[in-house]
Each structure stands twice: as structure tokens, then as C-alpha cells.
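Okay, structure first, notes after.
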Amino acid sequence: MSSRIGVDIGGTFTDFIVYDENDNKVIIDKIPTTPADPEKAVVEVIKRNLTREQLSKIDFFLHGTTVGLNALLERKGSKVGLLCTKGFRDIIEIRRGDRDEMYNLFWQPPPPLVPRYLRLEIEERLFANGDIHTNLNSEDVKKACEYLNKEGINSVAIAFMNAYSNKQHELAAKKILLENGFNGEVSLSSLVSGEYREYERTTTTIIDAFVKARMSNYLETLKNNLKEIGFKGSFLLTRSGSGSMTFDEASERPFETIMSGPVAGAEGAGELSRKLKNTNMVTADVGGTSFDTCLILDGRPQIQFEGKIVGLPLQSPWVDVRSIGAGGGSIAYLDEGGLLRSGPQSAGAVPGPACYGRGGNNPTTTDAAFYLGMLGEGKLASGLQLNKKLAEKALKSVGSKIDLSESETAKGILKISSANMADAIREITIEQGIDPRELKLLAFGGAGPLMSNLIAEDLEIKEIIIPPYSGNFSAWGLLGADLLQMNARTKIIRLSDASLKECNLILENLFSELEDRQKIDFSTNEKIREVALDMRWAGQEHTITLKINNHIDGKINLDAEKLKQDFMQEYEKTFGSKLDTVVEIVSTRASVRVALPRKSESGKIEEDSIEISSKSINCFSFNADKNIDFSIIARNEIKSEMSGPMIILESTAVTYVDQNYNINTDKLGNLILQNKEN
Amino acid sequence: MSSIKHDPITTEIIQSSLQAACDEMFVAMRKTAMSSIIYEVLDFGTAVTDSNGNIAASGAGIPAFIAMCDKAVQAVIKKYDSNQIKEGDVFATNDPYNGGVTHLNDVIVVMPVFSKGERIAWTANIAHWPDLGGMAPGGISADAKEIFQEGLQLPVIKMIENGNPIQSVIDIITANSRVPQYTLGDMWAAIASIRVGEKRIKDIANKYGTEIFKNSVQQFMDYGERTSLDALSSLPHGTYHGEDLLDDGRKIQVDVTINDKEFIVDLRNNPEQDDGPNNASYDGTVVSAQMAFKGITSSDFICNAGTFRPLKVLCDEGSMFNPVRPAAQGIYYETDIRSYDLIWKTISHLNPNKSSAGSFASICGTFMGGQHPDTGATFIIIEPQVGGWGASSVGDGCSANFSAFHGDTFNTPAEISEARHGVYVDQMRLTDEDGGEGKFRGGKGIVMDYRVRSKNAWVSVAYTRSKSLPWALDGGNEGGSNYIEVIRKNGDLEKYSVVTGLTLEPEDVVRIHTGNGGGCGKPELRDKSMIEEDLLNEYITLEQAKKFYKYN
């Protein structure tokens, strides 16, 4: 049994999907996000779709959220204090001394997350190998504790020099804090990352401390609320680096979830691509507030290690999704020079676009599209009837200042926002030397299918895929996420048969730490251990990560010579040159993948039927550059090849198909838009 | 073969592919190098040129390295007939008088890229190799009088033919290095890097066709030129004169003339070439002018041979900015940054929105060596230092940043210095010294301690802006000074800004100080709340607040 719910919270909408394995039935829904208390919308959308009885039979709740990311972006996290080694309180201000924009001679780094007066130096010191040089001065920690309490600090990061090689001092300092009346959260660098480089590790620890209270409160509240309405299954949250983790683990390691929000869509795209024989594609996920894009090659999104977020390093893996502030709710305005601009300000769900009639006065992308006819008659699945007069008024408020008619203004808004979106895609394709013309565009999110023609046109992409439940595709992506945990330790070991034994001891430790972290409350018969080693030639600094397939339950089953050969081969493959000297193992990596019970793949996905009042509409064609008649059709009525112009309605999205596209569905229920002109 | 027609998108993709190739070369070098100056500090650069050696694209990293590789390629083309340049060949030069631009430690390796039998491009890599002999370990000595004392010269030689290493060349390099394992490791890393680029470019040319490839590269250079010309037309035209002092009290000066078509940097009438190593080749001086030019015209990433077409640089032969053989050039980088800083001081106020006070503006190259106390292995630390940048007319300066010569450059984490070199880092913090006070403060310099743990260790430094300090603007205070202190085990204290091969004993401490940037505006005009915030965060002491800011 593996019935499951996916809920993905975006800036504007909270998307819901439930998949019942017994009857293959899928229900989707969308509800405005409640930014102040995001859990409220989650509870509401579940309650209005499932009875208590139905909910009690669901096994998994899978979740993606931007709570942590928003706390960081808006700098609205905990007031954090830092305990650091004496002589090193400025590590986060000195950074690595680099300049993000190398020709910009006025460049400034983002301000440090912990101001200098809250960075407290503690006498203690470890050698690089973990031996103690100077004992921890407990008086220093006690004084720091007093100061932190006086300053009203509710979260502390402890990051000591060389703590990657020995946790002892950090653990002891935490103990002293707790014994002396500190009752906030404590993050330890040695638990956040077992890898060296003090600036990166310290910053990651601070980010963890910064978002922890907010994240764990949120997860706790959400959990309690869902239990109250009858949910009895397991709670899982998407990790930034793909896969998912339990709520309990996420509360303790929130830095691993910072990029959780947009990852679900990328993971879903990966799953879809694998079903389509690893079709290479680029995603266009357009929600109410943001546009997210991700490159899918060989069936997988791209994973980055050592990420950077708002200029701060994060020593943690993450899926490479780029976001810009452009969505259906993005507000159009005139800049100082009188040029029309769109975003990143969004009208959000409240008041929402002007045409929603909820008090919004500013023209948004949705207003522009609706005014041009691209949203059909404008009757939303929720029953809301969009108001054309209000859209017109809002467009006029901006257009009249620069002598543009309402329709010219509307076209301008759509062209500008689609150009911004295309630019973001350029960044992850053309700028990496990848030709977007060889990719397919996977468009989803509430406004993705609406914008897809314009984006594809800009990039000369010939084929567009609109997945089933396109408006809720990110939530669908959540459903497939396995539980994944990773752990690593830096310890430099010269490769020999004897030292491999040491390596296996480290692995034993890493796996047992993972077991402790795991706290799984569901049964599974697929629990896979994975081992990898970061290796290099002695003398080098950087390593390549070699996945070790030959291991027995996490214990390496290779002799040193064979391992060296494997490394040599991988090295040559990566760098094209051959060396043969001493090999070092730098970091040992352990991960455990706990597969959720598989989703059944048998059922064909059925779209709900949609009631359509009018069969056609006079709508603007960007291809013809004039208004023409577009037919209006429900998505589930497309059974064979048809031709644009056409507006396709489904419950949570609208697809705009210009006259230069043919359209069909494939076996998986995807809509395929093919440009006729090539 | 793709059937894609030649169009603006193809041009853009080819250009971006070249950029991506440079970045890949950069990553390959970083990941396979043996010396921390390369893998952490990233003291190297990668580039792609067209078949004639005009820069087409370059990797991230050090702005000062971008336009260096092209000169080496041009030197190869000048020296060798085209039938001597074959697929799979690798050439090297480190001779500043002959395409090498900088000093003998920076070795440029280049290889031609062929597509269907035609040479269409070159890939190049410049990197600081740790030791190629010379009178002092690490090659650079403030005492050098002639280039012969600075190490092995590689005057545009072929080191690999048709993919096969020429063993005798490699033997010579091996025999001339104090740390051959590191030097050879870095050499192979450099070769791996240009090979990665070669492969990538071949793929691009095969995909789009040789003609379209060549054409796109030229079009993008024209685009670079147009961008520069546009910027020149928006700058106030005229001739601007600027002066500065060297630490030894000598004056340097420049006239910069800006018109619609040209940007002329006239560095004539400057001090004669130095008896020591404080000279920079003409090519190096051109690079300084290119950086200042780029800084005032456009901060975007596009930077190719076209970008610099409007730039002219004039220097007297035999001067410190254009010396003649056999002048030593080991500390070329401090000479280059002096000419760069002089030009920047002269033109930075032309930016209508922002002007800036002077920065710590020294590479602060720090060289240390010795034996690892645990393993006994020889180590050499070679690293630049971060310091304070000047305040601007709109805000405080940036603290603890590398000089303008560096960009995507990273300091060596203390944890890595300790693990690899066996030194001990006692502290790494912002300085408390005076300097740079103003309505907007200069950014802060740093204090960093290296404690030596083994016998027979040594340190060499050559810092500038030690006596002649970063300039202030509008009534602010000058910035601080760059220097080191050596604190002996018995407590004796020595102070240097230039020293070579100073012997260190276990428990001696080398304390690095870098200066604050210059201030902008009178200190007493600083907002009281900003002063109080500085006090809370201990960026200034109460004494400093009273003394400079009239705080009470």
C-alpha cells in the first residue's frame, strides 16, 4: 500500500495532489498560499478534498516548502549567536576574499548573517588531525552563555577550527550552554558537515541555526495539525539535493532543505524524462510568483555540490534549479526611465491579479493574458469568474502614462516576462554551451503552459511538452521521492590494504550515525547503502568522487590495488591525463536510500472533464500579430492530432496554442505541441 | 553536421561554448594541480584565442591574467613556421621578454586546435608554478639583479610534439626545480587543462562547421569593440594627468587621453628600470591598462581582443614599465599594480555615479617554505593577501578583499594551511589599526599569524603601499599600511615590507598586516548611528571614535 499526498507550497499557490493506489485515482487542487502560517493552507486543501476516513488510510505525506529559503532570502530567521575559536571571529566577514563580479570595482559582499558583536571567541584549539592543542575553556563558554541569554539569542551556531576532525569540543561547548540555562537551538559545525574549509562550514552552520527555529516550529505545527485531522502515516520533506527526509530529521538538519521548494518540479521532470527514454529537456515552471528552470540531461536534473545561495556558500548538495521573480502574479510597472517592466514584485494570492476582483489594482501577467483572450472566458476551476473590466482598468493605469493602448500594454507585458524567462533558460543552457534548440521544453505550473509558446519561440525550441496535472506537476513530482540520507567525513588516508580497514571503520560509523538519524516509521524492504570515496593523487587538493559498487552492506570489498586501478581509470576519463603515484582517500561518503513502496505505473492518467461554455474566443495570436479566433477545448478531448489556434483548459492550468502549432497527446497523457514551421 | 544556419543565436552559442570551454579548462587545472597557489588561490588563467592569437574568450579567475595568454600564442606563431605547428603539439614560454608577460614562475602553455586539417584556434593556460630554480626558493627574490637569477627560462619552446612529451625538456625542468614533484604535477595539470579545451573546441567546430566557427569568433570580437566604443562615447573626453608615489619616494605619473575612438595611456617619463626585480614588461603594463580600461568602460563579462582595440599604451623603453633584458622582473606584479592603481586614481572620478578612494592595492605576495613537522615533506606556501578597499562616495569600502588584480580568487583556508603545510594559524581577523576614517570608512585590512612548527623554515615578502598609503577623497583619511612582523620565540619583533629568505625557527610567528582602504568625506560628518554601530561591533575603539570622529 502506498497511497500518498503531495503538497507543494509556492509563493502564490499551495498545490495538492493525492494518489490512491487502490483505485489509481488522482485528485488535484490548488489553494492560495497563506504566507504568515503556511500550514493553514495545507490543512485546508487536504480537508476539502479528503474525509477523515480517507485521510486515515494514506501512507505518506510528501512536502516541498520554501519556508527555510524565504527565511534566508528575507533575512527573517532567528537571531543567531556564533561561538568560534579565539582569533577567528571574522571568518565570515573575511570570507574567501573573492569578488563575485570580477570587473566590478565597487562590489560588496552580502552583510554577514551574524553581526560581529554576536560572534564570541572561545579559547580552545584542535590540531588538523583532531588532537587537542588547547583545552576548551569552559569559563569562556559560560560567559558567552550569559551574554547570549542577555542579548535574547534563540539559536547558536558553534563552529570551531578543525572541528571536522574531532567533534569533542563542539559537543562539550553545547553541553555547557545547555547546563547554564541556554534553551534555544544549537547547531554544531561538526554535525552539519564533516568536511574542511572553515568559512564554508561555519556559514553552513550559521544558515542552519538561522532557519532552524522557524523550520522546526513550522514542521511541528504542520505535523500536529495533520494528525488532528486524521492523518496517521509518515511525514517526508524534499531535500535540496534530491530525495526526501523525514520531518524529524529535517527539523534537526534544516540546511538540507533550503532549496526544497523548486526541487520537486525538477525531480518530477527527471522522472518524466526517464519515462520518455531520457529525453533531454529544460523546464519552465511558472507559478504565481516565480519562474523556475532546470536542465534535465540523461534523465536527471543536474546536482551541484558546494552550492551558493544569496552569495553565501552551502556545504551541501543541491539540485541546480534557477529562479527568477516572474510569474502569473508578477506586477507590471514603469521604471524610472519610463520603460515597461515586469516583476519581481508579485500580487500573490491576496489580493492577486486585478481581474480576480479582490482589490488588486496593479496589472499582472495574468491580467494581460486574460485581457488578450489567452485564458478563454476566464472561469477558473475554483468557480471564480475573472473580471475583464478590472483587467482593462489595471492595464490602462500603466499604459496610459506611455501612450500605449490596453492591448499593446498587455502584449508588452507578456513579451517582457517571457523574454526574462527565456534569459534564465539561456543561463543554464547556452551559457553552458548547450543548444536549447536540441532540447524539449517541459512547461508546467499554473502559468507555464500559458507562457510556453512565447518562451519556446524566443529560444527556437520546436517541441513543448505539457505533462498531466500540469498546474500541480511539482506536487506530482513529490510523490516519487525516495528517502535519501548522506553523511561524509574528511580524513586523509594514504591508500593501502591496511588503510582500507580504517576506511571501513569510518564507514561503519557514518552508517550508524545515519541509522540514528533515520527514525523511519514505515516499513520498507528496499534499503540501499551506497558508498563513495573522494580520492586524489597525493599532493593534489581536489578530489574526484568514485562510487564504490563493490561493497557488502556498506563495507568496501576491494583490495587497494584494484581500487587504485578504478581510480586511475576514472581520473583519466575525467581529466584525460594519466598519473601513477600514491593515492589518497580524502573523504569517505555514506548514503542510505530508502525506497518508498513503488507507485503503480499501470493506470492511465485520467483528466477530469471540464465544462466549457463557449467553443471559441477572439484572442491575440503572437504568431499572426493580430486577433484571430481560437477554439476552446477541454484537455481530455484531445485524442488525436489537432491544430492551433486553440485554448486548452484543464482544472489547474490553461494552455495557449498559437496557430503555428500542432497538438497531440502521447501514451503517458502528455500534451505535445509541435511547431509546424520546422 | 548540423544544418543550423549562421545567425545571431549560433554566434551567441559558439561564444558561450568558448566561455564554457575556458571554464572547463579552469576546473580541470584547479582539480588536478598540486600546489595550493593553484588549487585554492587560483593563481592561474585559461583562454582561447583565434588562430592568429587574438583572445576570444577566457576563464574566470584573475582579471590580470586574461589578456596574457594571447601574447604567448603570438610569440609561438612568430617563432615557428606553420608547418612546425602540428596537431597535438604543446608549446611553453615563461620569458617576459618573449610572450611570457609576467615573471619566470608563470609558465604559459599553449596548444593549437585543428579542425579538418586547419588550425582554427589555440587553447592556453598560464599558471604560477611553485619553483623553477633561481637564487631563492620559490624563484622570487627582492635581491635579484638579473633575470638569470630568477630561475629557468623557457623561451617559447616546444615541450610536446604530436602528443608525445619531449623527455629531455621535461628532464631539464625536473632538474631545475627545488620541488619537482609539485612542479611536474602542476605542469601536467596545465597540459590536461589545455587538452580539455582543445577537445571541446573541436567538438564545437565539428558541430557548427569551421567557417561558421571562425566567423562567429570574429563577430564577437567586433561586438566587444563596439561595447568599448559605446562606453568611450559616454565618458567625458579630455586628457587627465595623475601622479602617485612609490614606497621609496619616487614619483610615477600618467596622462590618460579619452576620445570617441581611443583611450591612450601615456606612461612615458617614468622612472628608469630598476636594478632589482621591480620591473614589469611592456606586455604586463598593457595588461594593467586593460584592467583599468575595463573597470571604467564596462563591468560585464565580455572581454576579448575586440574589447581592447581602442586602447593604446605608450612607455619609454628602459623604464620600469618597459625594461630591457636582462632586467629582473620577479616582482613584476607589484610594478603592474602600481601602474594600474595610478591609472585608476587618474580616471576613477570620471564615473559620474561613484568615485572611490584608494585601496590597499598590493598583491602582498607572501612566500613561506619549510618542512612539514609531521611528514618531513617540503612545502612552499605562495599566496596573495586580502586587504581593505577604498570607501566610495556612496558607502563604506569592502573589507578583506583581494586587490583588483584578482577576482575569482580565494584565500587559503586556515584548516587547509594547517593540514597540508603543517604551519599553525593563530589568528585571522580584521585589523584594529588606524587609517581610512571618513564619512564613509575604507574597508578593513586583516591580521593573520602563521606560527612555524619546524626547523629551516623561511619567509619572503615584497609588499607595496607600505609607506605611500591609499589615497583619500573629499577630506577623508588615508588608508593603512601593508607589512609583516616577525615575532621571534623570545619575543623580539622585526618589521618588514620587503624581505627575502628570512630564516625562521620553530615557534616564530609571521604576522601579516594589510591596510585599510582610504576614507571618503570628512570623518566628523559620519552619521552618529553608524559610529555607534561601529563601536558596538568593535570596528573602531572608543579612542578612535573620539580621536577621528569627534564622538562624545
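In the C-alpha cells, chains take letters A, B, ... by order of appearance, with residues numbered from 1 within each chain and ligands from 1 in the order shown.
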
For chain B, work out the contacting residues on chain A at 8 Å, counting only C-alpha atoms, and write them as a ChimeraX atom specification.
/A:86-91,93-109,115-117,127-129,161-162,196-199,430-435,539-543,575-577

Print the selection's residues with N, CA and C atoms to a file, as a short mmCIF file (atom, residue, chain, number, x, y, z; two decimals), in the first residue's frame.
```cif
data_model
loop_
_atom_site.label_atom_id
_atom_site.label_comp_id
_atom_site.auth_asym_id
_atom_site.auth_seq_id
_atom_site.Cartn_x
_atom_site.Cartn_y
_atom_site.Cartn_z
N LYS A 86 39.03 31.28 19.39
CA LYS A 86 39.68 32.56 19.64
C LYS A 86 40.59 32.94 18.46
N GLY A 87 40.43 34.17 18.01
CA GLY A 87 41.24 34.64 16.88
C GLY A 87 40.55 34.52 15.54
N PHE A 88 39.32 33.97 15.53
CA PHE A 88 38.67 33.67 14.25
C PHE A 88 37.25 34.21 14.12
N ARG A 89 36.91 35.25 14.88
CA ARG A 89 35.52 35.69 14.79
C ARG A 89 35.20 36.36 13.45
N ASP A 90 36.25 36.75 12.70
CA ASP A 90 35.97 37.45 11.45
C ASP A 90 35.94 36.54 10.22
N ILE A 91 36.00 35.24 10.45
CA ILE A 91 36.00 34.30 9.31
C ILE A 91 34.88 34.60 8.33
N GLU A 93 33.39 37.33 7.78
CA GLU A 93 33.47 38.64 7.15
C GLU A 93 34.64 38.69 6.16
N ILE A 94 35.70 37.96 6.47
CA ILE A 94 36.84 37.87 5.55
C ILE A 94 36.45 36.98 4.37
N ARG A 95 35.56 36.04 4.64
CA ARG A 95 35.09 35.11 3.60
C ARG A 95 36.29 34.42 2.96
N ARG A 96 36.29 34.33 1.60
CA ARG A 96 37.47 33.80 0.93
C ARG A 96 38.17 34.91 0.17
N GLY A 97 37.71 36.16 0.38
CA GLY A 97 38.38 37.30 -0.24
C GLY A 97 38.05 37.50 -1.71
N ASP A 98 37.13 36.71 -2.24
CA ASP A 98 36.85 36.78 -3.67
C ASP A 98 35.76 37.80 -3.96
N ARG A 99 35.72 38.19 -5.22
CA ARG A 99 34.74 39.17 -5.68
C ARG A 99 33.85 38.46 -6.69
N ASP A 100 32.55 38.48 -6.47
CA ASP A 100 31.65 37.76 -7.36
C ASP A 100 31.68 38.30 -8.78
N GLU A 101 31.82 39.60 -8.90
CA GLU A 101 31.84 40.18 -10.25
C GLU A 101 33.23 40.75 -10.44
N MET A 102 34.04 40.06 -11.24
CA MET A 102 35.45 40.40 -11.20
C MET A 102 35.81 41.74 -11.81
N TYR A 103 34.97 42.27 -12.68
CA TYR A 103 35.29 43.60 -13.22
C TYR A 103 34.56 44.72 -12.48
N ASN A 104 33.77 44.36 -11.48
CA ASN A 104 33.04 45.38 -10.75
C ASN A 104 33.88 45.85 -9.57
N LEU A 105 34.43 47.06 -9.69
CA LEU A 105 35.35 47.54 -8.66
C LEU A 105 34.61 48.15 -7.48
N PHE A 106 33.28 48.13 -7.50
CA PHE A 106 32.51 48.63 -6.36
C PHE A 106 31.71 47.51 -5.71
N TRP A 107 32.11 46.30 -5.97
CA TRP A 107 31.36 45.15 -5.49
C TRP A 107 31.33 45.08 -3.96
N GLN A 108 30.22 44.65 -3.41
CA GLN A 108 30.10 44.46 -1.95
C GLN A 108 29.55 43.07 -1.67
N PRO A 109 30.10 42.38 -0.66
CA PRO A 109 29.52 41.08 -0.29
C PRO A 109 28.22 41.30 0.47
N PRO A 115 26.07 39.53 13.16
CA PRO A 115 26.88 40.73 13.32
C PRO A 115 28.06 40.45 14.26
N ARG A 116 29.08 41.28 14.16
CA ARG A 116 30.33 40.99 14.86
C ARG A 116 30.14 40.90 16.37
N TYR A 117 29.24 41.72 16.93
CA TYR A 117 29.11 41.71 18.39
C TYR A 117 28.45 40.44 18.91
N PHE A 127 44.35 20.49 16.68
CA PHE A 127 45.23 20.36 15.52
C PHE A 127 44.43 19.83 14.34
N ALA A 128 45.03 19.91 13.16
CA ALA A 128 44.33 19.43 11.97
C ALA A 128 43.96 17.95 12.08
N ASN A 129 44.76 17.17 12.77
CA ASN A 129 44.45 15.75 12.85
C ASN A 129 43.46 15.42 13.96
N MET A 161 37.62 25.73 14.90
CA MET A 161 38.63 25.36 13.91
C MET A 161 38.94 23.86 13.98
N ASN A 162 39.05 23.24 12.83
CA ASN A 162 39.40 21.83 12.69
C ASN A 162 38.38 20.88 13.33
N TYR A 196 36.42 19.87 5.57
CA TYR A 196 37.18 21.05 5.97
C TYR A 196 36.90 22.27 5.10
N ARG A 197 37.48 23.38 5.46
CA ARG A 197 37.28 24.73 4.94
C ARG A 197 36.36 25.48 5.91
N GLU A 198 37.01 26.28 6.77
CA GLU A 198 36.27 26.87 7.89
C GLU A 198 35.20 27.86 7.49
N TYR A 199 35.44 28.64 6.43
CA TYR A 199 34.41 29.63 6.07
C TYR A 199 33.13 28.95 5.60
N ILE A 430 22.58 27.78 -22.97
CA ILE A 430 23.56 28.40 -23.87
C ILE A 430 24.85 28.73 -23.12
N GLU A 431 24.71 29.30 -21.93
CA GLU A 431 25.91 29.69 -21.21
C GLU A 431 26.73 28.49 -20.73
N GLN A 432 26.15 27.32 -20.79
CA GLN A 432 26.93 26.10 -20.51
C GLN A 432 27.32 25.43 -21.83
N GLY A 433 27.07 26.12 -22.91
CA GLY A 433 27.41 25.55 -24.22
C GLY A 433 26.41 24.51 -24.70
N ILE A 434 25.21 24.52 -24.13
CA ILE A 434 24.19 23.57 -24.55
C ILE A 434 23.15 24.28 -25.40
N ASP A 435 22.85 23.72 -26.56
CA ASP A 435 21.97 24.37 -27.52
C ASP A 435 20.51 24.08 -27.16
N GLY A 539 49.35 14.97 -3.01
CA GLY A 539 49.88 16.24 -3.47
C GLY A 539 48.80 17.12 -4.04
N GLN A 540 47.77 16.52 -4.63
CA GLN A 540 46.66 17.32 -5.13
C GLN A 540 45.76 17.73 -3.98
N GLU A 541 44.92 18.71 -4.24
CA GLU A 541 43.95 19.10 -3.24
C GLU A 541 42.57 18.59 -3.61
N HIS A 542 42.20 18.82 -4.86
CA HIS A 542 40.85 18.46 -5.26
C HIS A 542 40.75 16.97 -5.55
N THR A 543 39.55 16.50 -5.44
CA THR A 543 39.36 15.06 -5.50
C THR A 543 38.33 14.73 -6.57
N PHE A 575 39.93 13.72 -16.68
CA PHE A 575 40.89 14.78 -16.99
C PHE A 575 41.77 14.47 -18.20
N GLY A 576 41.65 13.28 -18.74
CA GLY A 576 42.40 12.96 -19.94
C GLY A 576 43.89 12.81 -19.73
N SER A 577 44.36 12.74 -18.48
CA SER A 577 45.78 12.51 -18.30
C SER A 577 46.01 11.40 -17.28
#
```

Can you check which residues of region 394-470 of chain A DSSP gives as strand (DSSP E) on the backbone and send them as number ranges by chain?
A: 440-444, 463-466

Extract, using only C-alpha atoms, all DNA, RNA and protein residues at most 12 Å from Arg75 (chain A), discarding same-chain residues fewer than 2 positions from it, and format them as a ChimeraX atom specification.
/A:67-73,77-80,110-114,207,210-211,214,310

So that I can see what lies close to Ser244 (chain A), please list as a list in words the residues with an atom at most 8 Å from it, counting only C-alpha atoms and leaving out residues fewer than 4 positions away in the same chain.
Leu236, Leu237, Thr238, Arg239, Ala481, Asp482, Leu483 and Leu484 of chain A

Emit the selected residues as a PDB file, in the first residue's frame, including N, CA and C atoms.
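Below you can see result_4.pdb, which holds the result:
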```
ATOM      1  N   LEU A 236       7.234  13.328   5.162  1.00  0.00           N
ATOM      2  CA  LEU A 236       8.514  13.461   4.459  1.00  0.00           C
ATOM      3  C   LEU A 236       8.629  14.830   3.785  1.00  0.00           C
ATOM      4  N   LEU A 237       9.854  15.335   3.761  1.00  0.00           N
ATOM      5  CA  LEU A 237      10.134  16.643   3.159  1.00  0.00           C
ATOM      6  C   LEU A 237      11.230  16.481   2.102  1.00  0.00           C
ATOM      7  N   THR A 238      11.101  17.209   0.998  1.00  0.00           N
ATOM      8  CA  THR A 238      12.118  17.129  -0.060  1.00  0.00           C
ATOM      9  C   THR A 238      13.443  17.706   0.416  1.00  0.00           C
ATOM     10  N   ARG A 239      14.546  17.033   0.047  1.00  0.00           N
ATOM     11  CA  ARG A 239      15.883  17.576   0.326  1.00  0.00           C
ATOM     12  C   ARG A 239      16.328  18.452  -0.852  1.00  0.00           C
ATOM     13  N   ALA A 481       9.547  10.718  -4.523  1.00  0.00           N
ATOM     14  CA  ALA A 481      10.847  10.937  -3.871  1.00  0.00           C
ATOM     15  C   ALA A 481      11.205   9.855  -2.849  1.00  0.00           C
ATOM     16  N   ASP A 482      12.298   9.167  -3.100  1.00  0.00           N
ATOM     17  CA  ASP A 482      12.816   8.214  -2.120  1.00  0.00           C
ATOM     18  C   ASP A 482      13.410   8.963  -0.941  1.00  0.00           C
ATOM     19  N   LEU A 483      13.492   8.261   0.164  1.00  0.00           N
ATOM     20  CA  LEU A 483      14.172   8.819   1.327  1.00  0.00           C
ATOM     21  C   LEU A 483      15.669   8.680   1.091  1.00  0.00           C
ATOM     22  N   LEU A 484      16.389   9.770   1.276  1.00  0.00           N
ATOM     23  CA  LEU A 484      17.817   9.716   0.996  1.00  0.00           C
ATOM     24  C   LEU A 484      18.578  10.449   2.087  1.00  0.00           C
TER      25      LEU A 484
END
```

With only C-alpha atoms as the atoms that count, which of A:Phe511, A:Phe61, A:Phe473, A:Tyr571 lies nearest to Lys555 (chain A)?
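Closest residue, counting only C-alpha atoms: A:Phe511.
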
Please report, as number ranges by chain, each residue of region 212-268 of chain A to which DSSP assigns alpha helix (DSSP H) when run on this structure's backbone.
A: 212-228, 247-252, 260-268

Neighbours of Phe13 (chain A) within 12 Å (only C-alpha atoms; same-chain residues fewer than 3 positions away dropped), as a ChimeraX atom specification?
/A:7-10,16,29-35,38,41-42,45,65-66,286-290,327-329,347-350,352,445-447,471-472,474-475,652

10 Å contact set for region 242-246 of chain B, only C-alpha atoms, chain neighbours under 4 positions out, as a ChimeraX atom specification
/B:250-256,335,338-339,341-347,464-471

Near Tyr282 (chain B), within 7 Å and counting only C-alpha atoms, which residues show up once chain neighbours fewer than 3 positions away are dropped, as a list in words?
Thr285, Val286, Phe321 and Asn322 of chain B

So, counting only C-alpha atoms, which residue among B:Tyr450, B:Phe293, B:Trp458, B:Phe440 is closest to Gln371 (chain B)?
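The shortest atom-to-atom distance to Gln371 (chain B) comes from B:Trp458.
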